[in-house]
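Participant: Let me begin by handing over the structure; questions about it come next.
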Amino acid sequence: MKRLENAFDVASFRQMGHEMIDMLADQLGDNLERRKERVITWMEPEAAWEKWQSDWNNRSETGTMDFFREVLQDSIALSHPRYMGHQINPPAPVAALAGLMSDFLNNGMGVYEMGVVSTTLERLVIHLFLPYFGWEHSGGGFLTSGGTLANLTALLAARAHKAPGDIWKNGTGEQLALMVSEEAHYCVDRAARIMGWGAQGIIKIPSDARHGMQTDLLEEYLDRAKASGIRVIAIVGSACTTSTGTYDDLEAIGHFARKHDLWFHVDGAHGASAVLSKKYQYLAKGISMADSIAMDFHKTLLSPALTTGLFFRDGKQRFGTFVQQADYLFEKQEEDWYNMAKQTLECTKLMMSLKVYSICRTLGFDTLEEYIDRVFDQTRHLAALIDGRPGWELKQDPDCNIVCFRMTGEGDDNELNEFVRKATIQHGKFYLVRTILRGTYWLRCTLTNPFTTDQDMLDMLGELESYRNQRQA
Ligand SMILES: Cc1ncc(COP(=O)(O)O)c(C=O)c1O
């Protein structure tokens with residue numbers, strides 16, 4: 001028992017906790033003030049593997065706090081204004097504290113008894129956001145672990161409500177399918193295949209020059225599917241796409257879905273949050289026509305990952321996706337809002353609502369609106385800086401906080417851009433990512449840090465140019 005008593009020692013928890021907070025606060029200050037030079041400490045995978053094996057082999061020589069410090073040192077720093085890479089936002093410090101508390105409490109949330117506070121806060125959080133979709137009177141929803149799972153859950157709900165027969169009991173009798181833009185996140189394709197619909201179960205609609213869905217092709221693709229004996233039950237709109245941040249025309253998709261009685265799901269993992277901004281809500285016009293919307297709080301709403309809301313226009317439709325008897329959990333089979341495992345794929349679930357609610361309660365919706373406006377505005381600034389700069393090409397004007405661009409030069413531009421991105425990561429002063437669009441390699445930035453300035457962006461472009469010059473020399 002001595003070992004276990006040590007593991008739960010109150011005094012050392014207190015002391016390490018204080019040290020940990022000091023360490024994280026120092027890191028936050030260093031990042032925000034750009035005193036820390038590196039955003040990413042690049043290490044080849046095999047080198048990282050060796051390093052951490054060695055940590056394990058020598059663990060008696062270094063203490064736990066040294067280990068934590070090392071983790072901090074080697075991890076990519078999202079709170080650094082020169083982080084301009086993937087879509088995850090730097091978490092608001094208050095939400096990170098809520099995360100610590102939720103890990104400490106570890107309330108499982110599958111059933112109400114295991115999450116009296118977090119279950120109730122989850123309902124509250126959903127109700128705070130429903131009005132932004134125009135669903136305050138009819139809607140409902142829940143939080144779930146990530147956009148991937150939210151999209152799958154929404155499509156399972158679509159199947160439960162739109163497919164003929166009782167699939168839960170008898171399995172799928174006929175070929176079912178959904179329609180989605182070819183530019184949609186891969187998890188939508190994955191969801192169709194997880195549901196056993198195979199390649200035929202996902203009908204990809206070509207995208208236009210800006211990578212939004214060509215909605216004028218929908219009728220033709222639906223007719224073709226019907227002629228092949230495929231029953232389309234759902235259509236997914238992207239708000240926005242991952243690669244270029246383009247919003248599909250949700251209004252057009254909504255009308256099409258209504259005409260053909262299809263379930264309309266909006267994958268708003270990245271950009272549904274535009275509804276919070278008076279300036280940018282036009283991007284998501286038509287979103288209220290959806291049957292369901294997935295929205296990641298960890299991409300554009302300052303929450304730590306994973307925290308995703310799945311919202312239903314008709315709140316009752318969130319029930320019935322999973323119809324299961326579990327006598328050890330549920331006392332009755334009713335549609336009670338407070339037993340979360342009846343609605344979600346997860347059984348034990350993280351207390352995500354603590355993070356989201358702490359943001360809403362402490363920072364408020366005005367701060368969230370300011371955040372969205374700021375990062376969307378900054379991305380327009382970055383696009384303008386690139387557009388007028390010799391030797392650079394802008395893919396398109398950005399819709400949200402994602403922008404694609406590339407260097408142009410003599411020879412193979414794909415190789416050139418790949419080279420400068422790799423060099424940037426290896427040096428570590430900036431972080432940006434890449435994508436391939438119709439065979440062309442594009443550099444890609446998501447501005448998730450509200451403190452990224454025009455100077456940071458100019459410095460980033462200058463840094464990339466210096467690698468091009470070194471390569472040419
Ligand atoms: C449009 C879109 N949908 C879904 C996802 C997946 O979300 P998550 O990473 O939260 O599972 C992403 C992630 O980048 C995305 O951009």
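The way I read the labels, and the way they are meant: chains A, B, ... in the order of the structure tokens, residue 1 as the first residue of every chain, and ligand 1 as the first ligand shown, with later ones counted on from there.
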Contacts of segment 467-471 of chain A at 10 Å or less, counting only C-alpha atoms, minus same-chain residues fewer than 3 places along, as a ChimeraX atom specification?

Facilitator: /A:407,409,416-417,419-424,462-464

Participant: When the cut-off is 6 Å and you count only C-alpha atoms and all ligand atoms, which residues lie near ligand 1, shown as a list in words?

Facilitator: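 Using only C-alpha atoms and all ligand atoms, everything at most 6 Å from ligand 1 comes to Gly146, Gly147, Thr148, His185, Cys240, Thr241, Thr242, Asp267, Ala269, His270 and Asp296 of chain A.
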
Participant: In segment 164-277 of chain A, what's strand (DSSP E) per DSSP? Answer as a PyMOL selection string?

Facilitator: chain A and resi 176-181+202-205+231-238+263-267

Participant: Could you check the closest approach to Leu310 of chain A for each of A:Glu19, A:Asp248, A:Asp9, A:Glu122 and tell me which residue wins, using only C-alpha atoms?

Facilitator: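 Closest to Leu310 of chain A of all the choices is A:Glu122.
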
Participant: Using only C-alpha atoms, I'd like a table of the residues in segment 253-309 of chain A that come within 10 Å of segment 369-382 of chain A; for each, show the closest atom pair and its distance in Å rounded to one decimal, ordered by chain and ascending number, as JSON lines.

Facilitator:
{"residue": "A:Gly271", "atom": "CA", "partner": "A:Ile372", "partner_atom": "CA", "distance": 9.6}
{"residue": "A:Ser273", "atom": "CA", "partner": "A:Ile372", "partner_atom": "CA", "distance": 7.8}
{"residue": "A:Ala274", "atom": "CA", "partner": "A:Ile372", "partner_atom": "CA", "distance": 7.0}
{"residue": "A:Val275", "atom": "CA", "partner": "A:Glu369", "partner_atom": "CA", "distance": 9.1}
{"residue": "A:Leu276", "atom": "CA", "partner": "A:Glu369", "partner_atom": "CA", "distance": 5.7}
{"residue": "A:Ser277", "atom": "CA", "partner": "A:Glu369", "partner_atom": "CA", "distance": 5.1}
{"residue": "A:Lys278", "atom": "CA", "partner": "A:Glu369", "partner_atom": "CA", "distance": 7.9}
{"residue": "A:Lys279", "atom": "CA", "partner": "A:Asp373", "partner_atom": "CA", "distance": 7.2}
{"residue": "A:Tyr280", "atom": "CA", "partner": "A:Asp373", "partner_atom": "CA", "distance": 7.4}
{"residue": "A:Thr300", "atom": "CA", "partner": "A:Ile372", "partner_atom": "CA", "distance": 6.9}
{"residue": "A:Leu301", "atom": "CA", "partner": "A:Ile372", "partner_atom": "CA", "distance": 7.9}
{"residue": "A:Leu302", "atom": "CA", "partner": "A:Tyr371", "partner_atom": "CA", "distance": 8.4}

Participant: Go ahead and save the picked residues with N, CA and C atoms, as a PDB file, in the first residue's frame.

Facilitator:
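Contents of the output file part_0.pdb:
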ATOM      1  N   GLY A 271     -15.895  25.536 -39.539  1.00  0.00           N
ATOM      2  CA  GLY A 271     -16.374  26.908 -39.736  1.00  0.00           C
ATOM      3  C   GLY A 271     -17.821  27.221 -39.398  1.00  0.00           C
ATOM      4  N   SER A 273     -18.855  27.949 -36.718  1.00  0.00           N
ATOM      5  CA  SER A 273     -18.783  29.010 -35.707  1.00  0.00           C
ATOM      6  C   SER A 273     -18.907  30.407 -36.316  1.00  0.00           C
ATOM      7  N   ALA A 274     -18.829  30.519 -37.643  1.00  0.00           N
ATOM      8  CA  ALA A 274     -19.017  31.833 -38.285  1.00  0.00           C
ATOM      9  C   ALA A 274     -20.375  32.426 -37.904  1.00  0.00           C
ATOM     10  N   VAL A 275     -21.319  31.566 -37.513  1.00  0.00           N
ATOM     11  CA  VAL A 275     -22.653  32.077 -37.137  1.00  0.00           C
ATOM     12  C   VAL A 275     -22.580  33.019 -35.920  1.00  0.00           C
ATOM     13  N   LEU A 276     -21.491  32.955 -35.182  1.00  0.00           N
ATOM     14  CA  LEU A 276     -21.353  33.818 -34.007  1.00  0.00           C
ATOM     15  C   LEU A 276     -20.909  35.234 -34.375  1.00  0.00           C
ATOM     16  N   SER A 277     -20.493  35.400 -35.610  1.00  0.00           N
ATOM     17  CA  SER A 277     -19.944  36.695 -36.017  1.00  0.00           C
ATOM     18  C   SER A 277     -20.935  37.437 -36.912  1.00  0.00           C
ATOM     19  N   LYS A 278     -21.281  38.631 -36.498  1.00  0.00           N
ATOM     20  CA  LYS A 278     -22.205  39.421 -37.335  1.00  0.00           C
ATOM     21  C   LYS A 278     -21.564  39.700 -38.697  1.00  0.00           C
ATOM     22  N   LYS A 279     -20.238  39.845 -38.650  1.00  0.00           N
ATOM     23  CA  LYS A 279     -19.520  40.182 -39.876  1.00  0.00           C
ATOM     24  C   LYS A 279     -19.439  38.998 -40.850  1.00  0.00           C
ATOM     25  N   TYR A 280     -19.278  37.793 -40.312  1.00  0.00           N
ATOM     26  CA  TYR A 280     -18.998  36.647 -41.179  1.00  0.00           C
ATOM     27  C   TYR A 280     -20.098  35.597 -41.236  1.00  0.00           C
ATOM     28  N   THR A 300     -12.250  26.639 -33.703  1.00  0.00           N
ATOM     29  CA  THR A 300     -12.415  28.099 -33.779  1.00  0.00           C
ATOM     30  C   THR A 300     -13.199  28.670 -32.601  1.00  0.00           C
ATOM     31  N   LEU A 301     -13.220  27.941 -31.490  1.00  0.00           N
ATOM     32  CA  LEU A 301     -13.945  28.481 -30.336  1.00  0.00           C
ATOM     33  C   LEU A 301     -13.137  28.361 -29.046  1.00  0.00           C
ATOM     34  N   LEU A 302     -11.806  28.283 -29.211  1.00  0.00           N
ATOM     35  CA  LEU A 302     -10.865  28.431 -28.103  1.00  0.00           C
ATOM     36  C   LEU A 302     -10.865  27.324 -27.061  1.00  0.00           C
TER      37      LEU A 302
END

Participant: Do a neighbour search on segment 315-323 of chain A at 8 Å with only C-alpha atoms, toss out local chain neighbours closer than 2 positions, and write the hits as a PyMOL selection string.

Facilitator: chain A and resi 138-141+153+156-157+160-161+168+311-313+325+335+342-345

Participant: Please measure the separation of atom CA of Ala48 of chain A and atom CA of Gly99 of chain A, giving the value in Å to one decimal.

Facilitator: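 Distance reported for this atom pair: 26.8 Å.
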